[in-house]
Amino acid sequence: MSIIDILIVAAYLIIITAIGIYFERKASSGIDSYFLGSRKIPWWALGASGMASNFDVSGTMINVALIYAFGAVGFFVEMRGGLVLIMAFLMIFMGKWNRRSKVMTLAEWMTYRFGDGIQGKSARFISALSTLIITIAIVSYFSVGAGKFIGDVLGIPEFLGLSSEFWAASIIIVLTTIYTVASGLQGVVWTDVFQGILIFVMIIIVCSIAFFSASIPEAFSISVPLKDGGFLPIETTRDAWTSILPSWNLNFPENSSYSIYNLFGVALLFYLIKVVIEGSAGTGGYMAQRFFAARSDRDAGLLSLFWTFLLSFRWPFIAAIAVLGISYGVTAGAIISDPEKVLPTVIFNILPIGLKGLLVAGLMAAAMSTFSSLINSGASYWVRDIYQEFINPKASEKKLIIHSRLSSIIIVLLGLGLTVNIKSINEIWGWLTMGLGAGMVVPLLVRWYWWRMNGFGFTAGTVFGMGAAIVQKIFYPDATEYLSFAILLISSFSATIIVTLLTQQTNKETLIKFYKTTRPFGFWKPIKSLLPDEKKTQINSENKRDIIAICFALPWQIILFLTGMTLILKRFDLFGYLFVLLIALSIGLYYFWFRHLSSEVRVE
């Protein structure tokens with residue numbers, strides 16, 4: 001990197017640190033301010049922050065690798081998690097359902113749903129513990145990706161027997177931790193807004209370069225990783241590579257790491273089912289935190305819409321990097337062997353001085369915004385749900401703030417420590433989405449839709465599901481995604497249902513309060529029957545609209561993301577078809593969802 005590029009990156013780091021320090025005083029007033037911004041942050045800032053947090057370096061490197069190796073249909077592989085299709089569910093109903101609880105964390109939500117007795121407390125504790133474990137694992141995942149990228153870009157050497165990736169990840173995490181620990185959610189959100197602007201500028205510039213300066217030849221070679229650590233060149237054509245119509249079968253060699261996707265149609269159906277289950281189950285961590293911090297139902301909907309719209313620009317950027325990678329390979333006469341190195345290769349070899357520094361700063365912004373959100377939301381589970389709830393209920397606000405900052409640092413250190421033995425970003429991402437995630441999804445799903453589920457059922461389902469995920473990773477690491485997901489789902493479902501039916505139901509007053517406030521659809525007839533007819537009609541009307549709206553929102557989000565990609569790939573025929581579909585789905589979404597948004601709908 002030139003001195004100009006280095007100065008651009010340095011200026012970015014100074015500005016980010018200054019913003020974080022500026023918000024330190026506001027964050028120190030109490031944990032409600034530290035973790036939720038006192039619920040006074042505007043919806044557009046929360047949405048922009050969410051986008052910046054989802055625009056991570058690790059995910060971007062994986063997605064570029066998939067598009068580079070698979071062609072445009074690699075987009076569909078990321079229905080497993082990288083498309084963030086849970087946003088459609090958060091936008092239509094899951095965001096407002098979370099906001100109505102007026103709690104600080106997903107774990108605290110358990111006492112809102114199951115009561116403040118032993119049921120609620122057991123569910124709260126296990127939810128907090130499992131979320132902390134997942135947060136540490138996700139920090140590791142993002143560290144590997146950020147380490148690969150920044151280690152290559154800055155040329156950081158190995159030191160003390162540890163890889164350059166480890167030291168690069170350490171640098172970025174330490175810098176992020178400084179302003180996150182100081183400023184809490186307010187600092188996280190407003191630094192994310194600044195970082196989001198930088199990311200957006202980066203996207204526009206890279207997409208413009210790819211669209212106007214790069215071309216894809218009629219025939220060319222790409223590379224796929226092999227299971228033994230090598231890479232294999234494969235011939236393809238422009239029409240095949242730019243097609244967005246997925247085939248039922250792919251033809252990757254059996255010794256390729258991507259051969260698990262050869263039954264492509266089965267994989268996509270599996271991912272779609274998984275998306276519907278996970279979206280209907282809701283979420284925790286930094287995504288749920290944005291909705292807990294929202295000021296109203298309307299804000300929850302608007303921040304989701306803005307978040308999704310901004311996130312759609314990520315996919316044209318990913319396509320642009322893949323196109324530039326292919327263009328570089330053709331021009332240089334040597335393909336990029338490791339698909340996960342396409343992003344840094346493009347930065348090194350194609351971008352001019354100045355733009356190189358801007359792109360590096362933008363991707364560092366993406367990494368840092370993700371880390372800051374994870375660290376802040378993860379610390380809230382220790383402080384609010386374990387320390388304050390079970391260890392020191394009378395702790396002062398000052399002591400809680402101290403624990404907030406200490407726990408943030410510990411989460412970072414544990415996550416960074418796990419990166420030492422992880423070499424592949426895709427390896428840990430697959431386990432996070434198909435392993436640990438699958439272990440929690442059943443109790444998270446059933447809690448919304450079945451009145452009879454209790455806190456003991458949630459606790460058992462989570463323990464069995466996550467326990468099975470850890471056992472599978474240790475003893476059966478080569479199990480296929482389908483088999484792994486199915487086993488974990490069955491284990492968790494069985495434990496949830498059996499323990500729920502064998503133990504006492506949740507207090508009826510707690511259930512009535514939860515249902516009247518949250519108003520979910522599902523199997524709530526025994527509780528709904530206790531409400532006046534007028535209120536039942538109001539709830540039924542809202543539920544019906546939401547169910548219809550999600551049928552528009554899910555394809556709308558997929559097509560929104562694909563539309564921008566086809567423009568960068570210069571498939572104007574596909575762009576026209578998708579654009580017409582997008583307009584039609586937008587009209588349906590407006591009619592069934594957007595025009596019904598309100599500041600607050602109260603059902604007493």
# chains A, B, ... in the order shown; residues from 1 in each chain; ligands from 1

$ closest_atom_pairs --of "range 22-134 of chain A" --to "range 583-593 of chain A" --cutoff "10 Å" --atoms "only C-alpha atoms" --output "Markdown table"
| residue | atom | partner | partner_atom | distance |
| --- | --- | --- | --- | --- |
| A:Met91 | CA | A:Trp593 | CA | 9.3 |
| A:Ile92 | CA | A:Trp593 | CA | 7.0 |
| A:Phe93 | CA | A:Trp593 | CA | 9.6 |

$ residues_around --residues "Ile353 in chain A" --least-positions-apart "6" --cutoff "12 Å" --atoms "only C-alpha atoms" --output "ChimeraX atom specification"
/A:1-8,347,359-360

$ atom_distance --atom1 "CA of Pro443 in chain A" --atom2 "CA of Phe464 in chain A"
10.5 Å

$ residues_around --residues "range 328-337 of chain A" --least-positions-apart "6" --cutoff "7 Å" --atoms "only C-alpha atoms" --output "list in words"
Ser221, Ile222, Ser223 and Phe231 of chain A

$ write_last_selection --atoms "all heavy atoms" --output "compact mmCIF listing (two decimals), in the first residue's frame"
# COMPACT_ATOMS: atom_id res chain seq x y z
N SER A 221 -11.42 -19.67 -17.09
CA SER A 221 -11.23 -20.65 -16.02
C SER A 221 -11.42 -20.00 -14.66
O SER A 221 -11.07 -18.83 -14.46
CB SER A 221 -9.83 -21.26 -16.09
OG SER A 221 -9.66 -22.00 -17.27
N ILE A 222 -11.98 -20.77 -13.75
CA ILE A 222 -12.03 -20.38 -12.33
C ILE A 222 -11.36 -21.50 -11.53
O ILE A 222 -10.87 -22.47 -12.10
CB ILE A 222 -13.48 -20.11 -11.85
CG1 ILE A 222 -14.42 -21.27 -12.23
CG2 ILE A 222 -13.98 -18.82 -12.44
CD1 ILE A 222 -14.52 -22.36 -11.27
N SER A 223 -11.35 -21.37 -10.21
CA SER A 223 -10.67 -22.35 -9.38
C SER A 223 -11.59 -22.78 -8.24
O SER A 223 -12.37 -21.97 -7.73
CB SER A 223 -9.39 -21.76 -8.79
OG SER A 223 -8.80 -22.63 -7.87
N PHE A 231 -5.97 -26.74 -5.13
CA PHE A 231 -7.01 -26.05 -5.89
C PHE A 231 -7.01 -26.59 -7.31
O PHE A 231 -5.97 -26.95 -7.87
CB PHE A 231 -6.77 -24.54 -5.88
CG PHE A 231 -6.79 -23.95 -4.50
CD1 PHE A 231 -5.62 -23.84 -3.76
CD2 PHE A 231 -7.98 -23.55 -3.93
CE1 PHE A 231 -5.63 -23.32 -2.48
CE2 PHE A 231 -8.01 -23.04 -2.65
CZ PHE A 231 -6.83 -22.92 -1.92

$ residues_around --residues "Asp299 in chain A" --least-positions-apart "2" --cutoff "12 Å" --atoms "only C-alpha atoms" --output "ChimeraX atom specification"
/A:39-47,90-92,95-96,99-100,290-297,301-307,594,597-600

$ closest_atom_pairs --of "range 328-418 of chain A" --to "range 12-15 of chain A" --cutoff "12 Å" --atoms "only C-alpha atoms" --output "tab-separated table"
residue	atom	partner	partner_atom	distance
A:Gly357	CA	A:Tyr12	CA	9.9
A:Leu358	CA	A:Tyr12	CA	9.1
A:Leu359	CA	A:Tyr12	CA	11.3
A:Val360	CA	A:Tyr12	CA	10.1
A:Ala361	CA	A:Tyr12	CA	6.5
A:Gly362	CA	A:Tyr12	CA	8.8
A:Leu363	CA	A:Tyr12	CA	11.2
A:Met364	CA	A:Leu13	CA	9.1
A:Ala365	CA	A:Tyr12	CA	8.4
A:Met368	CA	A:Leu13	CA	10.0

$ write_last_selection --atoms "N, CA and C atoms" --output "PDB file, in the first residue's frame"
ATOM      1  N   GLY A 357      -6.783   2.444  -0.630  1.00  0.00           N
ATOM      2  CA  GLY A 357      -6.900   2.808   0.775  1.00  0.00           C
ATOM      3  C   GLY A 357      -8.344   2.964   1.194  1.00  0.00           C
ATOM      4  N   LEU A 358      -9.181   3.528   0.302  1.00  0.00           N
ATOM      5  CA  LEU A 358     -10.600   3.709   0.613  1.00  0.00           C
ATOM      6  C   LEU A 358     -11.290   2.366   0.776  1.00  0.00           C
ATOM      7  N   LEU A 359     -10.984   1.417  -0.119  1.00  0.00           N
ATOM      8  CA  LEU A 359     -11.601   0.096  -0.021  1.00  0.00           C
ATOM      9  C   LEU A 359     -11.139  -0.642   1.226  1.00  0.00           C
ATOM     10  N   VAL A 360      -9.850  -0.548   1.532  1.00  0.00           N
ATOM     11  CA  VAL A 360      -9.352  -1.187   2.757  1.00  0.00           C
ATOM     12  C   VAL A 360     -10.030  -0.578   3.983  1.00  0.00           C
ATOM     13  N   ALA A 361     -10.147   0.752   4.020  1.00  0.00           N
ATOM     14  CA  ALA A 361     -10.822   1.414   5.138  1.00  0.00           C
ATOM     15  C   ALA A 361     -12.283   0.988   5.215  1.00  0.00           C
ATOM     16  N   GLY A 362     -12.950   0.876   4.043  1.00  0.00           N
ATOM     17  CA  GLY A 362     -14.348   0.464   4.030  1.00  0.00           C
ATOM     18  C   GLY A 362     -14.542  -0.949   4.544  1.00  0.00           C
ATOM     19  N   LEU A 363     -13.650  -1.863   4.161  1.00  0.00           N
ATOM     20  CA  LEU A 363     -13.777  -3.239   4.629  1.00  0.00           C
ATOM     21  C   LEU A 363     -13.343  -3.375   6.091  1.00  0.00           C
ATOM     22  N   MET A 364     -12.397  -2.555   6.518  1.00  0.00           N
ATOM     23  CA  MET A 364     -12.082  -2.516   7.950  1.00  0.00           C
ATOM     24  C   MET A 364     -13.293  -1.995   8.723  1.00  0.00           C
ATOM     25  N   ALA A 365     -13.995  -1.015   8.131  1.00  0.00           N
ATOM     26  CA  ALA A 365     -15.218  -0.500   8.763  1.00  0.00           C
ATOM     27  C   ALA A 365     -16.247  -1.614   8.900  1.00  0.00           C
ATOM     28  N   MET A 368     -15.088  -3.901  11.703  1.00  0.00           N
ATOM     29  CA  MET A 368     -15.168  -3.284  13.029  1.00  0.00           C
ATOM     30  C   MET A 368     -16.614  -3.089  13.479  1.00  0.00           C
TER      31      MET A 368
END

$ closest_residue --among "A:Ala468, A:Ala379, A:Ala169, A:Met79" --to "Leu132 in chain A" --atoms "only C-alpha atoms"
A:Ala379

$ residues_around --residues "range 60-62 of chain A" --least-positions-apart "3" --cutoff "7 Å" --atoms "only C-alpha atoms" --output "list in words"
Asp56, Val57, Ala65, Leu66, Ile318, Glu340, Leu343 and Asn426 of chain A

$ closest_residue --among "A:Trp241, A:Trp448, A:Phe75, A:Tyr261" --to "Ile326 in chain A" --atoms "only C-alpha atoms"
A:Trp241

$ closest_residue --among "A:Tyr68, A:Phe493, A:Phe270, A:Tyr22" --to "Ser327 in chain A" --atoms "only C-alpha atoms"
A:Tyr68

$ closest_residue --among "A:Ser491, A:Ser259, A:Thr500, A:Thr462" --to "Arg124 in chain A" --atoms "only C-alpha atoms"
A:Thr462

$ select_by_dssp --residues "range 2-120 of chain A" --states "alpha helix (DSSP H)" --output "PyMOL selection string"
chain A and resi 3-22+24-27+31-36+43-54+57-70+74-77+86-89+95-99+106-114+118-120

$ residues_around --residues "Ser122 in chain A" --least-positions-apart "3" --cutoff "12 Å" --atoms "only C-alpha atoms" --output "JSON, numbers by chain"
{"A": [107, 108, 110, 111, 114, 115, 116, 117, 118, 119, 125, 126, 127, 128, 129, 385, 386, 389, 390, 454, 455, 456, 457, 458, 459, 460, 462, 463]}

$ residues_around --residues "Ser53 in chain A" --least-positions-apart "3" --cutoff "6 Å" --atoms "only C-alpha atoms" --output "list in words"
Gly50, Ser369 and Thr370 of chain A

$ atom_distance --atom1 "CA of Phe313 in chain A" --atom2 "CA of Phe220 in chain A"
26.7 Å

$ atom_distance --atom1 "CA of Gly285 in chain A" --atom2 "CA of Ile402 in chain A"
20.5 Å

$ closest_residue --among "A:Gly120, A:His596, A:Arg452, A:Val64" --to "Thr345 in chain A" --atoms "only C-alpha atoms"
A:Val64

$ select_by_dssp --residues "range 59-227 of chain A" --states "strand (DSSP E)" --output "PyMOL selection string"
chain A and resi 219-225
